[in-house]
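Chemist: Dropping in target.tsv, with TSV, C-alpha atoms.
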```tsv
chain	number	residue	atom	x	y	z
A	1	MET	CA	0.00	0.00	0.00
A	2	SER	CA	1.29	3.42	-0.90
A	3	VAL	CA	1.70	6.22	1.58
A	4	GLN	CA	-0.90	8.88	0.92
A	5	ARG	CA	-0.37	12.53	1.62
A	6	LEU	CA	-2.93	14.20	3.84
A	7	THR	CA	-5.50	16.69	2.61
A	8	PRO	CA	-4.71	19.98	4.40
A	9	SER	CA	-7.13	21.62	6.83
A	10	GLN	CA	-8.85	24.96	6.21
A	11	THR	CA	-11.05	27.10	8.45
A	12	LEU	CA	-14.77	26.41	8.49
A	13	GLY	CA	-15.27	30.14	7.88
A	14	PRO	CA	-18.04	32.37	9.23
A	15	PHE	CA	-20.96	30.91	7.30
A	16	TYR	CA	-21.50	27.36	8.50
A	17	GLY	CA	-24.55	28.11	10.61
A	18	PHE	CA	-27.01	27.07	7.92
A	19	ALA	CA	-25.15	23.83	7.26
A	20	LEU	CA	-23.46	22.06	10.18
A	21	PRO	CA	-25.95	22.38	13.05
A	22	TYR	CA	-28.65	19.70	13.03
A	23	GLU	CA	-31.68	19.00	15.18
A	24	ASP	CA	-30.75	18.10	18.77
A	25	ASP	CA	-27.06	18.17	17.86
A	26	SER	CA	-26.09	19.27	21.36
A	27	ILE	CA	-28.11	16.56	23.09
A	28	ILE	CA	-25.62	13.74	23.55
A	29	VAL	CA	-27.98	11.95	25.94
A	30	ARG	CA	-31.66	12.85	25.93
A	31	ASP	CA	-32.82	13.69	29.46
A	32	GLY	CA	-29.18	13.48	30.54
A	33	ASP	CA	-28.58	15.00	33.96
A	34	LEU	CA	-25.32	16.74	33.10
A	35	HIS	CA	-25.50	20.18	31.51
A	36	VAL	CA	-22.21	21.45	30.15
A	37	THR	CA	-22.28	25.13	29.33
A	38	GLY	CA	-19.56	27.54	28.39
A	39	SER	CA	-18.36	30.43	26.30
A	40	VAL	CA	-15.50	30.81	23.86
A	41	TYR	CA	-13.22	33.85	24.15
A	42	ASP	CA	-10.51	35.24	21.88
A	43	GLY	CA	-7.20	36.83	22.84
A	44	ALA	CA	-8.87	40.20	23.47
A	45	GLY	CA	-11.37	38.64	25.87
A	46	GLN	CA	-14.17	39.01	23.33
A	47	LEU	CA	-16.76	36.28	22.87
A	48	VAL	CA	-16.31	34.18	19.72
A	49	PRO	CA	-19.77	34.00	18.16
A	50	ASP	CA	-18.80	31.79	15.24
A	51	ALA	CA	-17.11	28.78	16.80
A	52	LEU	CA	-18.34	25.20	16.66
A	53	ILE	CA	-17.73	22.88	19.60
A	54	GLU	CA	-17.74	19.10	19.20
A	55	ILE	CA	-17.62	16.57	22.04
A	56	LEU	CA	-16.79	12.87	22.11
A	57	GLN	CA	-17.27	10.90	25.31
A	58	PRO	CA	-17.91	7.40	26.63
A	59	ASP	CA	-21.04	6.46	28.53
A	60	GLY	CA	-21.39	6.53	32.31
A	61	ARG	CA	-19.43	3.30	32.59
A	62	GLY	CA	-16.55	4.48	30.42
A	63	ARG	CA	-17.62	2.54	27.33
A	64	PHE	CA	-17.51	3.86	23.79
A	65	HIS	CA	-19.95	2.47	21.28
A	66	ALA	CA	-22.20	0.87	23.87
A	67	GLU	CA	-25.54	-0.02	22.36
A	68	GLY	CA	-27.79	3.01	21.99
A	69	PHE	CA	-25.02	5.42	22.97
A	70	HIS	CA	-23.29	7.44	20.28
A	71	GLY	CA	-21.33	9.82	22.53
A	72	PHE	CA	-20.96	12.59	19.95
A	73	GLY	CA	-22.42	16.08	20.11
A	74	ARG	CA	-22.03	19.37	18.32
A	75	CYS	CA	-22.98	22.92	19.33
A	76	SER	CA	-22.49	26.18	17.50
A	77	THR	CA	-21.65	29.25	19.58
A	78	ARG	CA	-23.81	31.38	17.31
A	79	PRO	CA	-25.04	33.99	17.76
A	80	GLU	CA	-23.39	35.18	20.99
A	81	GLY	CA	-20.44	32.94	21.77
A	82	HIS	CA	-22.04	30.43	24.16
A	83	PHE	CA	-22.61	26.68	23.96
A	84	ALA	CA	-24.65	24.15	25.96
A	85	PHE	CA	-24.71	20.35	25.88
A	86	THR	CA	-27.01	17.86	27.59
A	87	THR	CA	-25.34	14.58	28.46
A	88	VAL	CA	-24.35	12.24	31.29
A	89	LYS	CA	-21.13	12.24	33.20
A	90	PRO	CA	-18.71	9.85	31.51
A	91	GLY	CA	-17.06	7.01	33.36
A	92	PRO	CA	-13.30	6.59	33.26
A	93	VAL	CA	-12.16	5.01	29.98
A	94	ALA	CA	-9.44	2.97	31.68
A	95	GLU	CA	-8.34	2.28	35.22
A	96	GLY	CA	-6.34	5.20	36.58
A	97	GLU	CA	-7.87	7.69	34.15
A	98	ALA	CA	-10.00	10.54	35.31
A	99	PRO	CA	-13.39	11.00	33.60
A	100	HIS	CA	-13.29	13.57	30.83
A	101	LEU	CA	-14.90	14.81	27.63
A	102	ALA	CA	-12.80	15.12	24.47
A	103	VAL	CA	-13.50	18.53	22.92
A	104	ILE	CA	-12.76	19.94	19.47
A	105	VAL	CA	-12.96	23.68	18.77
A	106	HIS	CA	-13.54	24.91	15.23
A	107	ALA	CA	-13.86	28.61	14.41
A	108	ARG	CA	-13.51	31.24	11.76
A	109	GLY	CA	-9.87	32.27	12.04
A	110	LEU	CA	-8.78	28.77	13.11
A	111	LEU	CA	-7.09	27.23	10.09
A	112	LEU	CA	-6.80	23.92	11.95
A	113	HIS	CA	-9.20	22.94	14.73
A	114	LEU	CA	-8.02	22.54	18.32
A	115	HIS	CA	-8.27	19.55	20.69
A	116	THR	CA	-8.86	20.05	24.40
A	117	ARG	CA	-10.51	18.09	27.24
A	118	MET	CA	-12.90	18.87	30.05
A	119	TYR	CA	-12.31	17.19	33.43
A	120	PHE	CA	-14.53	17.32	36.52
A	121	ALA	CA	-13.86	19.34	39.66
A	122	ASP	CA	-15.41	16.68	41.93
A	123	GLU	CA	-12.89	14.04	40.81
A	124	THR	CA	-10.02	15.39	42.89
A	125	GLU	CA	-8.49	11.98	43.54
A	126	ALA	CA	-8.70	10.68	39.98
A	127	ASN	CA	-7.55	14.01	38.55
A	128	ALA	CA	-4.48	13.97	40.80
A	129	THR	CA	-3.18	10.76	39.23
A	130	ASP	CA	-4.46	11.17	35.66
A	131	LEU	CA	-1.53	10.86	33.25
A	132	VAL	CA	-2.83	13.49	30.82
A	133	LEU	CA	-3.50	16.08	33.51
A	134	ASN	CA	-0.10	15.36	34.96
A	135	ALA	CA	1.52	16.08	31.60
A	136	VAL	CA	0.06	19.59	31.78
A	137	PRO	CA	2.05	22.27	33.64
A	138	GLU	CA	0.44	22.55	37.07
A	139	GLN	CA	-0.35	26.25	36.82
A	140	ARG	CA	-2.35	25.64	33.61
A	141	ARG	CA	-4.19	22.49	34.72
A	142	HIS	CA	-7.18	24.43	36.04
A	143	THR	CA	-8.11	25.50	32.49
A	144	LEU	CA	-9.13	21.88	31.80
A	145	ILE	CA	-11.36	21.46	34.84
A	146	GLY	CA	-15.00	22.37	34.54
A	147	GLU	CA	-16.50	24.47	37.28
A	148	ALA	CA	-19.52	23.04	39.12
A	149	THR	CA	-22.72	25.03	38.61
A	150	GLU	CA	-26.23	24.58	39.99
A	151	ASP	CA	-27.24	22.07	37.33
A	152	GLY	CA	-24.01	21.01	35.72
A	153	VAL	CA	-20.58	22.16	34.76
A	154	ARG	CA	-19.27	25.34	33.24
A	155	PHE	CA	-16.33	25.06	30.84
A	156	ASP	CA	-15.10	28.26	29.24
A	157	ILE	CA	-12.61	28.05	26.41
A	158	ARG	CA	-9.99	30.78	25.97
A	159	LEU	CA	-8.25	30.55	22.63
A	160	GLN	CA	-5.48	32.96	23.60
A	161	GLY	CA	-4.30	35.26	26.36
A	162	GLU	CA	-4.66	35.14	30.14
A	163	ASN	CA	-5.72	31.68	31.32
A	164	GLU	CA	-5.45	30.36	27.78
A	165	THR	CA	-7.03	26.90	27.67
A	166	VAL	CA	-4.63	24.00	27.36
A	167	PHE	CA	-4.82	22.52	23.86
A	168	PHE	CA	-3.33	19.20	22.88
A	169	ASP	CA	-1.09	18.03	20.12
A	170	VAL	CA	-2.67	14.63	19.43
B	1	MET	CA	-4.90	1.40	20.97
B	2	THR	CA	-3.23	1.49	17.58
B	3	PRO	CA	-1.22	4.72	17.38
B	4	TYR	CA	-2.08	7.12	14.57
B	5	ARG	CA	0.47	8.24	12.03
B	6	ARG	CA	2.16	11.55	12.67
B	7	ASP	CA	4.02	11.81	9.37
B	8	GLY	CA	2.54	14.31	6.97
B	9	LEU	CA	0.80	16.45	9.60
B	10	GLU	CA	2.98	19.36	8.47
B	11	ALA	CA	0.67	19.64	5.45
B	12	HIS	CA	-1.78	21.49	7.70
B	13	PRO	CA	-1.54	25.28	8.00
B	14	ASP	CA	-0.02	27.05	10.99
B	15	ARG	CA	-2.75	28.49	13.17
B	16	ASP	CA	-0.78	31.74	13.37
B	17	PHE	CA	-0.93	33.14	9.83
B	18	PRO	CA	-0.93	36.96	9.98
B	19	ASP	CA	-2.07	37.47	6.36
B	20	TYR	CA	-5.39	35.94	7.42
B	21	LYS	CA	-6.31	38.58	9.97
B	22	SER	CA	-8.84	36.57	11.96
B	23	THR	CA	-6.06	34.23	13.11
B	24	ARG	CA	-4.48	37.01	15.16
B	25	LEU	CA	-6.58	36.71	18.31
B	26	ARG	CA	-7.72	33.14	17.78
B	27	HIS	CA	-4.59	31.01	17.79
B	28	PRO	CA	-3.13	29.71	21.05
B	29	LYS	CA	0.21	31.21	21.99
B	30	GLU	CA	1.07	28.66	24.67
B	31	PRO	CA	2.70	25.46	23.41
B	32	LEU	CA	0.33	22.56	22.76
B	33	VAL	CA	0.65	19.73	25.28
B	34	VAL	CA	1.66	16.52	23.55
B	35	LEU	CA	-0.72	13.58	24.02
B	36	ARG	CA	0.50	10.26	22.69
B	37	ASP	CA	-2.07	7.61	21.76
B	38	PRO	CA	-4.91	8.78	24.00
B	39	GLU	CA	-7.70	6.24	23.97
B	40	THR	CA	-10.51	8.81	23.90
B	41	GLU	CA	-9.21	10.75	20.90
B	42	LEU	CA	-8.33	7.54	19.04
B	43	THR	CA	-11.94	6.42	19.24
B	44	GLN	CA	-14.14	6.74	16.17
B	45	PRO	CA	-17.15	8.94	16.78
B	46	VAL	CA	-20.49	7.28	16.07
B	47	LEU	CA	-22.60	10.08	14.72
B	48	GLY	CA	-26.07	10.74	15.96
B	49	ALA	CA	-27.00	12.96	13.06
B	50	GLY	CA	-29.65	10.57	11.82
B	51	PRO	CA	-30.14	9.06	8.39
B	52	ILE	CA	-29.16	10.82	5.18
B	53	GLY	CA	-32.15	12.01	3.16
B	54	PRO	CA	-32.51	10.90	-0.46
B	55	LEU	CA	-31.89	14.41	-1.84
B	56	ASP	CA	-29.07	15.33	0.50
B	57	ASP	CA	-26.41	14.54	-2.13
B	58	ASN	CA	-28.14	16.50	-4.88
B	59	LEU	CA	-28.08	20.20	-4.06
B	60	THR	CA	-29.93	21.01	-7.29
B	61	ARG	CA	-33.05	19.06	-6.27
B	62	GLN	CA	-33.79	20.39	-2.82
B	63	HIS	CA	-36.34	23.00	-3.94
B	64	PRO	CA	-39.19	23.10	-6.46
B	65	GLY	CA	-37.11	24.80	-9.17
B	66	GLU	CA	-33.63	24.44	-10.61
B	67	PRO	CA	-30.98	26.67	-9.07
B	68	ILE	CA	-29.24	29.16	-11.36
B	69	GLY	CA	-25.67	28.36	-12.29
B	70	GLU	CA	-23.30	25.84	-13.75
B	71	ARG	CA	-24.44	22.32	-12.80
B	72	ILE	CA	-21.51	20.19	-11.67
B	73	ILE	CA	-20.79	16.76	-10.26
B	74	VAL	CA	-18.12	16.55	-7.57
B	75	THR	CA	-16.87	13.07	-6.81
B	76	GLY	CA	-13.84	11.38	-5.34
B	77	GLN	CA	-12.47	8.75	-3.03
B	78	VAL	CA	-11.86	9.10	0.70
B	79	ARG	CA	-8.80	7.16	1.89
B	80	ASP	CA	-6.64	7.08	4.97
B	81	GLY	CA	-2.93	7.76	4.96
B	82	ASN	CA	-2.25	4.08	4.25
B	83	GLY	CA	-4.28	4.25	1.05
B	84	ILE	CA	-7.19	2.28	2.50
B	85	PRO	CA	-10.56	3.43	1.11
B	86	LEU	CA	-12.94	4.52	3.86
B	87	SER	CA	-16.52	3.35	3.38
B	88	ASP	CA	-19.59	4.65	5.23
B	89	GLN	CA	-17.91	7.97	5.91
B	90	LEU	CA	-20.17	10.95	6.47
B	91	LEU	CA	-19.35	13.96	4.30
B	92	GLU	CA	-21.00	17.29	5.01
B	93	ILE	CA	-20.56	20.07	2.46
B	94	TRP	CA	-21.68	23.68	2.30
B	95	GLN	CA	-21.12	26.47	-0.19
B	96	ALA	CA	-22.18	29.80	-1.64
B	97	ASN	CA	-24.56	29.92	-4.61
B	98	ALA	CA	-23.51	30.71	-8.19
B	99	ALA	CA	-23.50	34.44	-7.39
B	100	GLY	CA	-21.20	33.99	-4.41
B	101	ARG	CA	-23.85	34.40	-1.70
B	102	TYR	CA	-24.39	32.05	1.26
B	103	ALA	CA	-27.91	31.22	2.39
B	104	GLN	CA	-27.11	32.57	5.85
B	105	ALA	CA	-28.61	35.80	7.15
B	106	GLU	CA	-25.25	37.25	8.23
B	107	ASP	CA	-23.87	37.12	4.68
B	108	ALA	CA	-24.28	40.72	3.59
B	109	HIS	CA	-22.65	40.40	0.16
B	110	PRO	CA	-25.02	42.29	-2.19
B	111	ALA	CA	-25.40	39.39	-4.62
B	112	PRO	CA	-28.75	37.67	-5.18
B	113	LEU	CA	-29.93	34.77	-3.06
B	114	ASP	CA	-31.30	31.85	-5.05
B	115	PRO	CA	-34.63	30.57	-3.70
B	116	ASN	CA	-33.83	27.20	-5.28
B	117	PHE	CA	-30.45	26.73	-3.66
B	118	SER	CA	-29.55	26.15	-0.02
B	119	GLY	CA	-25.98	25.02	-0.57
B	120	VAL	CA	-25.95	22.20	1.99
B	121	GLY	CA	-25.23	18.55	1.19
B	122	ARG	CA	-24.54	15.30	3.01
B	123	CYS	CA	-23.71	11.79	1.89
B	124	LEU	CA	-21.96	8.60	2.94
B	125	THR	CA	-19.07	7.07	1.02
B	126	ASP	CA	-19.85	3.79	-0.74
B	127	ASP	CA	-18.08	0.48	-0.16
B	128	ARG	CA	-15.10	1.65	-2.27
B	129	GLY	CA	-14.83	4.94	-0.37
B	130	PHE	CA	-16.41	7.09	-3.08
B	131	TYR	CA	-18.71	10.07	-2.55
B	132	ARG	CA	-20.64	11.96	-5.21
B	133	PHE	CA	-22.51	15.27	-5.07
B	134	THR	CA	-24.50	17.08	-7.74
B	135	THR	CA	-24.45	20.81	-7.15
B	136	ILE	CA	-23.90	24.25	-8.69
B	137	LYS	CA	-20.46	25.75	-9.09
B	138	PRO	CA	-20.15	28.36	-6.34
B	139	GLY	CA	-19.13	31.91	-7.19
B	140	PRO	CA	-16.21	33.80	-5.63
B	141	TYR	CA	-17.18	36.35	-3.00
B	142	PRO	CA	-15.67	39.40	-1.32
B	143	TRP	CA	-14.61	39.59	2.32
B	144	ARG	CA	-13.02	42.25	4.49
B	145	ASN	CA	-9.61	40.75	5.19
B	146	HIS	CA	-7.74	43.28	3.02
B	147	ASP	CA	-8.33	45.69	0.13
B	148	LYS	CA	-10.12	43.96	-2.79
B	149	ALA	CA	-10.19	40.66	-0.93
B	150	TRP	CA	-12.07	37.97	-2.84
B	151	ARG	CA	-12.19	34.30	-1.88
B	152	PRO	CA	-11.64	31.88	-4.76
B	153	ALA	CA	-14.70	29.71	-5.43
B	154	HIS	CA	-14.74	26.80	-2.98
B	155	ILE	CA	-16.87	24.13	-1.37
B	156	HIS	CA	-16.47	23.47	2.37
B	157	PHE	CA	-16.04	19.80	3.34
B	158	SER	CA	-16.34	18.17	6.77
B	159	LEU	CA	-15.26	14.56	7.45
B	160	PHE	CA	-14.60	12.38	10.50
B	161	GLY	CA	-12.34	9.48	9.48
B	162	THR	CA	-11.66	6.54	11.75
B	163	ALA	CA	-10.82	8.42	14.97
B	164	PHE	CA	-11.44	11.80	16.60
B	165	VAL	CA	-7.85	12.69	15.58
B	166	SER	CA	-8.76	12.12	11.91
B	167	ARG	CA	-11.35	14.91	11.98
B	168	LEU	CA	-10.99	17.24	8.99
B	169	ILE	CA	-12.70	20.42	7.92
B	170	THR	CA	-11.32	21.84	4.71
B	171	GLN	CA	-12.20	23.56	1.42
B	172	MET	CA	-12.13	22.24	-2.13
B	173	TYR	CA	-11.08	24.69	-4.83
B	174	PHE	CA	-11.60	24.69	-8.61
B	175	PRO	CA	-8.73	24.38	-11.10
B	176	GLY	CA	-7.32	27.51	-12.72
B	177	ASP	CA	-8.91	30.05	-10.39
B	178	PRO	CA	-7.12	33.40	-10.90
B	179	LEU	CA	-7.75	34.34	-7.25
B	180	PHE	CA	-5.42	31.66	-5.80
B	181	PRO	CA	-2.32	33.91	-5.51
B	182	TYR	CA	-4.27	36.52	-3.54
B	183	ASP	CA	-6.08	34.27	-1.06
B	184	PRO	CA	-4.46	34.08	2.39
B	185	VAL	CA	-6.68	31.18	3.49
B	186	MET	CA	-5.42	28.98	0.68
B	187	LYS	CA	-1.87	30.34	1.02
B	188	SER	CA	-1.83	29.38	4.70
B	189	VAL	CA	-0.99	25.94	3.33
B	190	GLN	CA	2.55	26.82	2.43
B	191	ASP	CA	3.79	23.70	0.69
B	192	ASP	CA	2.98	23.89	-3.05
B	193	ALA	CA	2.14	20.21	-3.39
B	194	ALA	CA	-0.08	20.28	-0.30
B	195	ARG	CA	-1.89	23.35	-1.61
B	196	ARG	CA	-2.49	21.62	-4.95
B	197	ARG	CA	-4.14	18.74	-3.08
B	198	MET	CA	-6.99	21.11	-2.20
B	199	VAL	CA	-7.73	21.76	-5.89
B	200	ALA	CA	-10.11	19.44	-7.76
B	201	SER	CA	-9.43	18.30	-11.34
B	202	PHE	CA	-11.82	18.54	-14.24
B	203	ASP	CA	-12.82	14.91	-14.88
B	204	LEU	CA	-14.29	13.76	-18.17
B	205	ASP	CA	-15.28	10.42	-16.62
B	206	ALA	CA	-17.40	12.20	-14.01
B	207	THR	CA	-18.87	14.54	-16.64
B	208	GLU	CA	-22.37	13.69	-17.87
B	209	ASP	CA	-23.27	14.33	-21.51
B	210	GLN	CA	-25.79	17.17	-21.95
B	211	TRP	CA	-26.12	17.54	-18.18
B	212	ALA	CA	-23.18	18.44	-15.95
B	213	THR	CA	-19.41	18.88	-15.92
B	214	GLY	CA	-17.51	16.65	-13.52
B	215	TYR	CA	-14.78	17.33	-10.98
B	216	ARG	CA	-12.69	14.75	-9.17
B	217	TRP	CA	-11.38	15.43	-5.69
B	218	ASP	CA	-9.88	12.71	-3.49
B	219	ILE	CA	-9.51	13.26	0.24
B	220	VAL	CA	-6.86	11.67	2.48
B	221	LEU	CA	-7.46	11.53	6.23
B	222	ARG	CA	-5.04	10.65	9.00
B	223	GLY	CA	-4.93	6.90	9.60
B	224	PRO	CA	-3.42	4.35	12.00
B	225	GLU	CA	0.26	3.51	11.97
B	226	LYS	CA	-0.24	-0.16	11.33
B	227	THR	CA	-2.84	-1.72	9.14
B	228	LEU	CA	-4.34	-5.14	9.74
B	229	PHE	CA	-2.25	-6.46	6.85
B	230	GLU	CA	0.95	-5.21	8.38
B	231	ASP	CA	0.21	-6.39	11.89
B	232	GLU	CA	2.85	-9.05	12.47
B	233	SER	CA	0.81	-10.92	15.02
B	234	GLY	CA	-1.84	-11.50	12.38
B	235	MET	CA	-4.40	-10.73	15.07
B	236	GLN	CA	-7.19	-8.33	14.39
B	237	SER	CA	-6.72	-5.67	17.00
```
Before we go any further, please render this structure as structure tokens.
Modeler:
Amino acid sequence: MSVQRLTPSQTLGPFYGFALPYEDDSIIVRDGDLHVTGSVYDGAGQLVPDALIEILQPDGRGRFHAEGFHGFGRCSTRPEGHFAFTTVKPGPVAEGEAPHLAVIVHARGLLLHLHTRMYFADETEANATDLVLNAVPEQRRHTLIGEATEDGVRFDIRLQGENETVFFDV
Amino acid sequence: MTPYRRDGLEAHPDRDFPDYKSTRLRHPKEPLVVLRDPETELTQPVLGAGPIGPLDDNLTRQHPGEPIGERIIVTGQVRDGNGIPLSDQLLEIWQANAAGRYAQAEDAHPAPLDPNFSGVGRCLTDDRGFYRFTTIKPGPYPWRNHDKAWRPAHIHFSLFGTAFVSRLITQMYFPGDPLFPYDPVMKSVQDDAARRRMVASFDLDATEDQWATGYRWDIVLRGPEKTLFEDESGMQS
């Protein structure tokens, strides 16, 4: 088999709002009891109203592809820069791993999307030993940990600047 | 988990590309944290977007009338970096109409909307990895990046591949477009050969007599390091 050269990435541009969102795209689990909300900010602290957030997660027992569970969701930040998902808290994928959501950020002005993760503030013990979190400089680790709210978790994403979110080279 | 290939990733643009002004405040300045072979990101997303409708791959048949413009067929094969065709892959496309106007309220370009054209398509690749859309050739359109800034005609493509790390959003361009040398989005891909891989070819085989011209555009997504054939153990992993 021959080695194939990759097709390069390009930004999704400003005008995807009529195309990529679909009905219930941000409902990963219907009637799920975890509400993940957040906002996306640029390097000037301004809201990013044309980003697209995508999440991949396992089910509550840490399983991907369990029957009836697709684990994928999408939410546009249009028109004001905010997103909201309905889901369940994921279980740990493997022993010794802290529960987390895998997050992709697309936006106008991002020529190649970004990978980040959201971890949970109430998993202090698991977070302390998680290999991925431990690979992140300690002073930046907090940017990956969602903040508990009344009915879920808040996870703001800062593309640049003070408290810039940790993004991964995967 | 089977690791995913890292060779060839340099084909992608740098996120910091000053000629494209919107990158300025939207690219991270801190170094990315390296994750090697993370199980979550090496998992293939199962999409909950529901079934594909019968007209989703024909953007000229989604309204009562025919859209204005040059009817085209865009087809190609989706493969991974090992050359393996990827079947059952969801493709989502979106584009401006023949006059260069998107069917989105925020698009203020004073070109006509076409009531018979939405510019949104979806399909799945067949068992040989091929997709095929019938659509209208999009027009170029102006933007505010710099003086006399016009985007070359393009169709946006979104694909998932076999893992979250294979995710790709990109743009397909048309051969011979005179706007290429002036477009910072396209020029953000700095390697000539890589940039050419975003340009479709006119394809007589895909062309239909008395109906539509054809364009061929193959897409290569990031794939695993080892294929089943190469796996020395002979075990399916």
Chemist: May I ask which of the residues A:Phe168, A:Phe64, A:Phe83, A:Phe69 is the closest one to A:Arg117, counting all atoms listed in the file?
Modeler: A:Phe168
Chemist: Contacts of stretch 191-207 of chain B at 6 Å or less, counting only C-alpha atoms, minus same-chain residues fewer than 4 places along, as a PDB file with C-alpha atoms, keeping the file's coordinate frame?
Modeler:
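File produced: part_10.pdb:
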```pdb
ATOM      1  CA  ALA B  11       0.670  19.640   5.450  1.00  0.00           C
ATOM      2  CA  MET B 172     -12.130  22.240  -2.130  1.00  0.00           C
ATOM      3  CA  TYR B 173     -11.080  24.690  -4.830  1.00  0.00           C
ATOM      4  CA  PHE B 174     -11.600  24.690  -8.610  1.00  0.00           C
ATOM      5  CA  PRO B 175      -8.730  24.380 -11.100  1.00  0.00           C
ATOM      6  CA  ALA B 212     -23.180  18.440 -15.950  1.00  0.00           C
ATOM      7  CA  THR B 213     -19.410  18.880 -15.920  1.00  0.00           C
ATOM      8  CA  GLY B 214     -17.510  16.650 -13.520  1.00  0.00           C
ATOM      9  CA  TYR B 215     -14.780  17.330 -10.980  1.00  0.00           C
ATOM     10  CA  ARG B 216     -12.690  14.750  -9.170  1.00  0.00           C
ATOM     11  CA  TRP B 217     -11.380  15.430  -5.690  1.00  0.00           C
TER      12      TRP B 217
END
```
Chemist: Using all atoms listed in the file, which protein or nucleic acid residues come within 8 Å of A:Arg78? Drop anything in the same chain fewer than 2 positions from it, and give the result as a list in words.
Modeler: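 Here the answer would be Gly17, Pro49, Asp50, Ala51, Ser76, Glu80, Gly81 and His82 of chain A.
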Chemist: Kindly assemble as a Markdown table a list of the chain A residues that lie within 6 Å of chain B, each paired with its nearest atom pair and their distance in Å to one decimal, using only C-alpha atoms, sorted first by chain and then by ascending residue number.
Modeler:
```
| residue | atom | partner | partner_atom | distance |
| --- | --- | --- | --- | --- |
| A:Ser2 | CA | B:Gly83 | CA | 6.0 |
| A:Val3 | CA | B:Asn82 | CA | 5.2 |
| A:Gln4 | CA | B:Gly81 | CA | 4.7 |
| A:Leu6 | CA | B:Val220 | CA | 4.9 |
| A:Thr7 | CA | B:Val220 | CA | 5.2 |
| A:Pro8 | CA | B:His12 | CA | 4.7 |
| A:Ser9 | CA | B:Thr170 | CA | 4.7 |
| A:Gln10 | CA | B:Thr170 | CA | 4.3 |
| A:Phe18 | CA | B:Gln104 | CA | 5.9 |
| A:Ala19 | CA | B:Val120 | CA | 5.6 |
| A:Asp42 | CA | B:Arg26 | CA | 5.4 |
| A:Gly43 | CA | B:Leu25 | CA | 4.6 |
| A:His70 | CA | B:Val46 | CA | 5.1 |
| A:Gly109 | CA | B:Thr23 | CA | 4.4 |
| A:Leu111 | CA | B:Arg15 | CA | 5.5 |
| A:Leu159 | CA | B:Pro28 | CA | 5.4 |
| A:Gln160 | CA | B:Pro28 | CA | 4.8 |
| A:Phe167 | CA | B:Leu32 | CA | 5.3 |
| A:Phe168 | CA | B:Val33 | CA | 4.7 |
| A:Asp169 | CA | B:Val34 | CA | 4.6 |
| A:Val170 | CA | B:Leu35 | CA | 5.1 |
```
Chemist: Would you mind reading off the distance between atom CA of A:Ala135 and atom CA of A:Thr11, one decimal, in Å?
Modeler: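 About the pair atom CA of A:Ala135 and atom CA of A:Thr11: they are 28.6 Å apart.
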Chemist: What is the distance between atom CA of B:Ala153 and atom CA of B:Thr60, in Å to one decimal?
Modeler: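 Separation of atom CA of B:Ala153 and atom CA of B:Thr60: 17.6 Å.
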Chemist: So that I can check the surroundings of A:Asn163, please list as a PyMOL selection string every protein, DNA and RNA residue that reaches within 8 Å of it, counting only C-alpha atoms and ignoring chain neighbours fewer than 4 positions away.
Modeler: chain A and resi 140+143+158
Chemist: Write out as a list of chain:residue names which residues come within 12 Å of A:Ile145 when counting all atoms listed in the file, dropping same-chain ones fewer than 4 positions away.
Modeler: A:Val36, A:Ala98, A:Pro99, A:His100, A:Leu101, A:Thr116, A:Arg117, A:Met118, A:Tyr119, A:Phe120, A:Ala121, A:Asp122, A:Glu123, A:Thr124, A:Asn127, A:Ala128, A:Leu133, A:Val136, A:Arg140, A:Arg141, A:Val153, A:Arg154, A:Phe155, A:Asp156, A:Ile157, A:Thr165, A:Val166
Chemist: Kindly give the distance, in Å, that separates atom CA of A:Gln57 and atom CA of A:Phe72, rounded to a single decimal.
Modeler: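 Atom CA of A:Phe72 lies 6.7 Å from atom CA of A:Gln57.
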Chemist: Which residue is closest to A:Gln139? Choose from A:Glu67, A:Glu162, A:Asp24, A:Asp31 and count all atoms listed in the file.
Modeler: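 Using all atoms listed in the file, the shortest distance to A:Gln139 belongs to A:Glu162.
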Chemist: What's around A:Gly71 at 6 Å? Count all atoms listed in the file, leave out sequence neighbours fewer than 4 positions away in its own chain, and write the answer as a list in words.
Modeler: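 Non-adjacent residues within range: Ile28, Leu56, Gln57 and Pro58 of chain A.
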Chemist: Which residue is closest to A:Ile53? Choose from A:Ala66, A:Pro14, A:Arg5, A:Ala102 and count all atoms listed in the file.
Modeler: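 Using all atoms listed in the file, the shortest distance to A:Ile53 belongs to A:Ala102.
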Chemist: Could you work out an axis-aligned bounding box for all listed atoms of stretch 161-180 of chain B, with 4 Å added on each of the six sides, and give its centre and edge lengths in Å to one decimal, as lines of an AutoDock Vina configuration file?
Modeler:
```
center_x = -9.1
center_y = 20.4
center_z = 1.9
size_x = 15.3
size_y = 35.8
size_z = 37.3
```
Chemist: Could you give me, as number ranges by chain, the residues that have an atom at most 9 Å away from the point (-22.8, 26.5, -11.3) in the coordinates of the file, using only C-alpha atoms?
Modeler: B: 67-72, 97-99, 135-139
Chemist: Looking at A:Pro21, A:Gly13, A:Glu164, A:Gln46, which one is nearest to A:His142, with distances taken over all atoms listed in the file?
Modeler: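 Result for the nearest residue to A:His142: A:Glu164.
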